[in-house]
Amino acid sequence: PKGRLMEHSLDWPKARGFEVRQLVCQRGHQAQISGLCVVDMRLLSAREIAQGLIDGSIHAGVTGEDLLQELAPTGPEDFHVLERLGFGGADVIVAVPQAWIDVDTMSDLEAAGAAFRKAHHRRLRVATKYMRLTRRFFAAKSAGEYRLCESAGATEAAPATGAADVIVDITSTGATLKANGLKIVSDGIILKSEAVLAVSANSSWSQAALKSLSLLG
């Protein structure tokens with residue numbers, strides 16, 4: 001992937017004896033990896049890689065597990081994680097205002113949502129960029145007293161600005177959440193994400209592609 005994961009992503013094949021060299025081209029999105037069979041290597045955004053793995057246009061790629069889980073319509077059935085790479089770590093979490101002293105668990109949040117709807121005649125608004133992950137997690141926790149609001153900007157600022165009441169967002173240290181007066185619900189860690197090497201369950205796998213993949217392992 002391009003961006004913040006790129007340096008560590010290039011170190012990973014290098015440690016296995018495969019040098020990666022970025023090619024000079026008009027858009028700078030191609031690369032070459034030595035020592036493998038015929039491989040078409042591209043430098044794309046982590047989101048583009050995740051989407052390509054899910055729709056089958058990419059055989060294998062390094063991306064964030066949070067993106068794979070969010071973009072896959074049927075979840076893990078669309079991809080297989082071969083290796084967790086130990087970098088790019090962040091948690092997808094549920095966070096509420098620190099002032100909500102009676103809300104520490106998802107059950108508390110559901111109870112608060114019911115009381116909120118009775119008092120204000122509307123459901124709690126949950127701001128997030130992770131719509132699928134949020135729906136799946138809230139359903140698993142039997143939480144239904146909410147309404148999703150898709151976040152287009154800084155999600156952690158949504159409660160302070162009045163755009164939402166609760167957020168689902170990604171965090172590495174929790175410092176930004178704290179700065180915005182938020183706390184993580186104790187059982188509200190949806191996913192402990194990191195960079196992964198994943199393969200598509202929807203690609204057409206030739207013998208040459210399988211051989212290249214086996215050399216990486």
# chains A, B, ... in the order shown; residues from 1 in each chain; ligands from 1
$ select_by_dssp --residues "chain A" --states "strand (DSSP E)" --output "PyMOL selection string"
chain A and resi 20-22+30-33+41-42+60-64+79-84+90-97+124-128+146-150+166-171+182-193+195-200
$ residues_around --residues "stretch 29-43 of chain A" --least-positions-apart "6" --cutoff "9 Å" --atoms "only C-alpha atoms" --output "ChimeraX atom specification"
/A:1-2,6,13,17-23,49,208-209,211-213,215-216
$ write_last_selection --atoms "all heavy atoms" --output "CSV table (one decimal), in the first residue's frame"
chain,number,residue,atom,x,y,z
A,1,PRO,N,0.8,-1.2,0.0
A,1,PRO,CA,0.0,0.0,0.0
A,1,PRO,C,0.9,1.3,0.0
A,1,PRO,O,2.0,1.3,0.5
A,1,PRO,CB,-0.8,-0.1,1.3
A,1,PRO,CG,0.1,-1.0,2.2
A,1,PRO,CD,0.8,-1.9,1.3
A,2,LYS,N,0.3,2.3,-0.6
A,2,LYS,CA,0.9,3.6,-0.5
A,2,LYS,C,0.6,4.2,0.9
A,2,LYS,O,-0.1,3.6,1.6
A,2,LYS,CB,0.3,4.6,-1.6
A,2,LYS,CG,0.6,4.1,-3.0
A,2,LYS,CD,0.0,5.1,-4.0
A,2,LYS,CE,-1.5,5.3,-3.9
A,2,LYS,NZ,-2.0,6.3,-4.8
A,6,MET,N,3.4,2.0,3.8
A,6,MET,CA,4.3,1.6,2.7
A,6,MET,C,5.6,1.1,3.1
A,6,MET,O,6.1,0.0,2.7
A,6,MET,CB,4.4,2.7,1.7
A,6,MET,CG,5.2,2.3,0.4
A,6,MET,SD,5.2,3.6,-0.8
A,6,MET,CE,6.4,3.0,-2.0
A,13,PRO,N,8.6,-8.1,2.5
A,13,PRO,CA,9.2,-9.0,1.5
A,13,PRO,C,10.7,-9.0,1.5
A,13,PRO,O,11.3,-10.0,1.2
A,13,PRO,CB,8.6,-8.6,0.2
A,13,PRO,CG,8.2,-7.1,0.4
A,13,PRO,CD,7.8,-7.0,1.9
A,17,GLY,N,13.9,-12.0,1.4
A,17,GLY,CA,14.8,-12.1,0.2
A,17,GLY,C,14.2,-11.6,-1.1
A,17,GLY,O,14.8,-11.9,-2.1
A,18,PHE,N,13.1,-10.9,-1.0
A,18,PHE,CA,12.5,-10.3,-2.2
A,18,PHE,C,12.6,-8.8,-2.2
A,18,PHE,O,12.0,-8.1,-1.4
A,18,PHE,CB,11.0,-10.8,-2.3
A,18,PHE,CG,10.8,-12.2,-2.4
A,18,PHE,CD1,10.4,-12.9,-1.2
A,18,PHE,CD2,11.2,-13.0,-3.5
A,18,PHE,CE1,10.2,-14.3,-1.2
A,18,PHE,CE2,11.0,-14.4,-3.5
A,18,PHE,CZ,10.5,-15.0,-2.4
A,19,GLU,N,13.4,-8.3,-3.1
A,19,GLU,CA,13.5,-6.8,-3.2
A,19,GLU,C,12.4,-6.2,-4.0
A,19,GLU,O,12.0,-6.8,-5.1
A,19,GLU,CB,14.9,-6.5,-3.9
A,19,GLU,CG,16.1,-6.8,-3.0
A,19,GLU,CD,16.3,-5.7,-1.9
A,19,GLU,OE1,15.6,-4.7,-2.0
A,19,GLU,OE2,17.1,-6.0,-1.0
A,20,VAL,N,11.8,-5.1,-3.5
A,20,VAL,CA,10.8,-4.4,-4.3
A,20,VAL,C,11.3,-3.1,-4.7
A,20,VAL,O,12.0,-2.3,-4.0
A,20,VAL,CB,9.6,-4.2,-3.3
A,20,VAL,CG1,8.5,-3.4,-4.1
A,20,VAL,CG2,9.0,-5.5,-2.9
A,21,ARG,N,11.1,-2.8,-6.0
A,21,ARG,CA,11.6,-1.5,-6.6
A,21,ARG,C,10.4,-0.8,-7.2
A,21,ARG,O,9.7,-1.4,-8.1
A,21,ARG,CB,12.7,-1.8,-7.6
A,21,ARG,CG,13.3,-0.6,-8.3
A,21,ARG,CD,14.5,-1.0,-9.1
A,21,ARG,NE,14.2,-2.0,-10.1
A,21,ARG,CZ,13.8,-1.6,-11.4
A,21,ARG,NH1,13.8,-0.3,-11.7
A,21,ARG,NH2,13.6,-2.6,-12.3
A,22,GLN,N,10.2,0.4,-6.8
A,22,GLN,CA,9.2,1.2,-7.5
A,22,GLN,C,9.6,1.7,-8.8
A,22,GLN,O,10.7,2.1,-9.0
A,22,GLN,CB,8.8,2.5,-6.6
A,22,GLN,CG,7.6,3.2,-7.1
A,22,GLN,CD,7.1,4.3,-6.1
A,22,GLN,OE1,7.6,4.3,-5.0
A,22,GLN,NE2,6.1,5.0,-6.6
A,23,LEU,N,8.7,1.5,-9.8
A,23,LEU,CA,9.1,1.8,-11.2
A,23,LEU,C,8.7,3.3,-11.5
A,23,LEU,O,7.7,3.8,-11.0
A,23,LEU,CB,8.3,0.9,-12.2
A,23,LEU,CG,8.7,-0.6,-12.0
A,23,LEU,CD1,7.9,-1.4,-13.0
A,23,LEU,CD2,10.2,-0.9,-12.2
A,49,ILE,N,-6.7,-1.6,-2.2
A,49,ILE,CA,-6.3,-3.0,-2.1
A,49,ILE,C,-7.3,-3.9,-1.5
A,49,ILE,O,-7.7,-5.0,-2.0
A,49,ILE,CB,-5.0,-3.1,-1.3
A,49,ILE,CG1,-3.8,-2.4,-2.1
A,49,ILE,CG2,-4.6,-4.6,-1.0
A,49,ILE,CD1,-2.6,-2.2,-1.3
A,208,ALA,N,0.4,-20.5,-11.8
A,208,ALA,CA,1.5,-19.5,-11.7
A,208,ALA,C,1.2,-18.6,-10.5
A,208,ALA,O,2.2,-18.3,-9.7
A,208,ALA,CB,1.6,-18.7,-13.0
A,209,ALA,N,0.0,-18.1,-10.3
A,209,ALA,CA,-0.3,-17.3,-9.2
A,209,ALA,C,-0.2,-18.0,-7.9
A,209,ALA,O,0.4,-17.5,-6.9
A,209,ALA,CB,-1.8,-16.7,-9.3
A,211,LYS,N,1.9,-20.5,-7.3
A,211,LYS,CA,3.3,-20.7,-7.1
A,211,LYS,C,3.9,-19.5,-6.5
A,211,LYS,O,4.8,-19.5,-5.6
A,211,LYS,CB,4.0,-21.1,-8.4
A,211,LYS,CG,5.4,-21.4,-8.3
A,211,LYS,CD,6.1,-21.9,-9.6
A,211,LYS,CE,7.6,-22.2,-9.4
A,211,LYS,NZ,8.2,-22.6,-10.6
A,212,SER,N,3.6,-18.3,-7.1
A,212,SER,CA,4.2,-17.0,-6.6
A,212,SER,C,3.8,-16.9,-5.1
A,212,SER,O,4.6,-16.4,-4.3
A,212,SER,CB,3.7,-15.9,-7.4
A,212,SER,OG,4.2,-15.9,-8.7
A,213,LEU,N,2.5,-17.2,-4.8
A,213,LEU,CA,2.1,-17.0,-3.4
A,213,LEU,C,2.8,-17.9,-2.5
A,213,LEU,O,3.2,-17.6,-1.4
A,213,LEU,CB,0.6,-17.3,-3.3
A,213,LEU,CG,-0.1,-17.1,-2.0
A,213,LEU,CD1,0.0,-15.6,-1.5
A,213,LEU,CD2,-1.5,-17.5,-2.0
A,215,LEU,N,5.8,-19.0,-2.7
A,215,LEU,CA,7.2,-18.6,-2.5
A,215,LEU,C,7.3,-17.5,-1.5
A,215,LEU,O,8.2,-17.4,-0.8
A,215,LEU,CB,7.8,-18.0,-3.9
A,215,LEU,CG,8.1,-19.1,-4.9
A,215,LEU,CD1,8.4,-18.4,-6.3
A,215,LEU,CD2,9.1,-20.0,-4.5
A,216,LEU,N,6.2,-16.7,-1.4
A,216,LEU,CA,6.2,-15.7,-0.3
A,216,LEU,C,6.0,-16.2,1.1
A,216,LEU,O,6.5,-15.6,2.0
A,216,LEU,CB,5.0,-14.7,-0.6
A,216,LEU,CG,5.2,-13.5,-1.5
A,216,LEU,CD1,3.9,-12.7,-1.7
A,216,LEU,CD2,6.3,-12.6,-0.9
$ closest_residue --among "A:Ser214, A:Ser45, A:Asn202, A:Ser142" --to "A:Glu110" --atoms "only C-alpha atoms"
A:Ser142
$ closest_residue --among "A:Arg16, A:Lys192, A:Lys178, A:Arg125" --to "A:Leu109" --atoms "only C-alpha atoms"
A:Arg125
$ closest_residue --among "A:Ser200, A:Thr176, A:Thr74, A:Thr171" --to "A:Leu53" --atoms "only C-alpha atoms"
A:Ser200
$ closest_residue --among "A:Ile190, A:Val92, A:Ala72, A:Ile184" --to "A:Gly52" --atoms "only C-alpha atoms"
A:Ala72
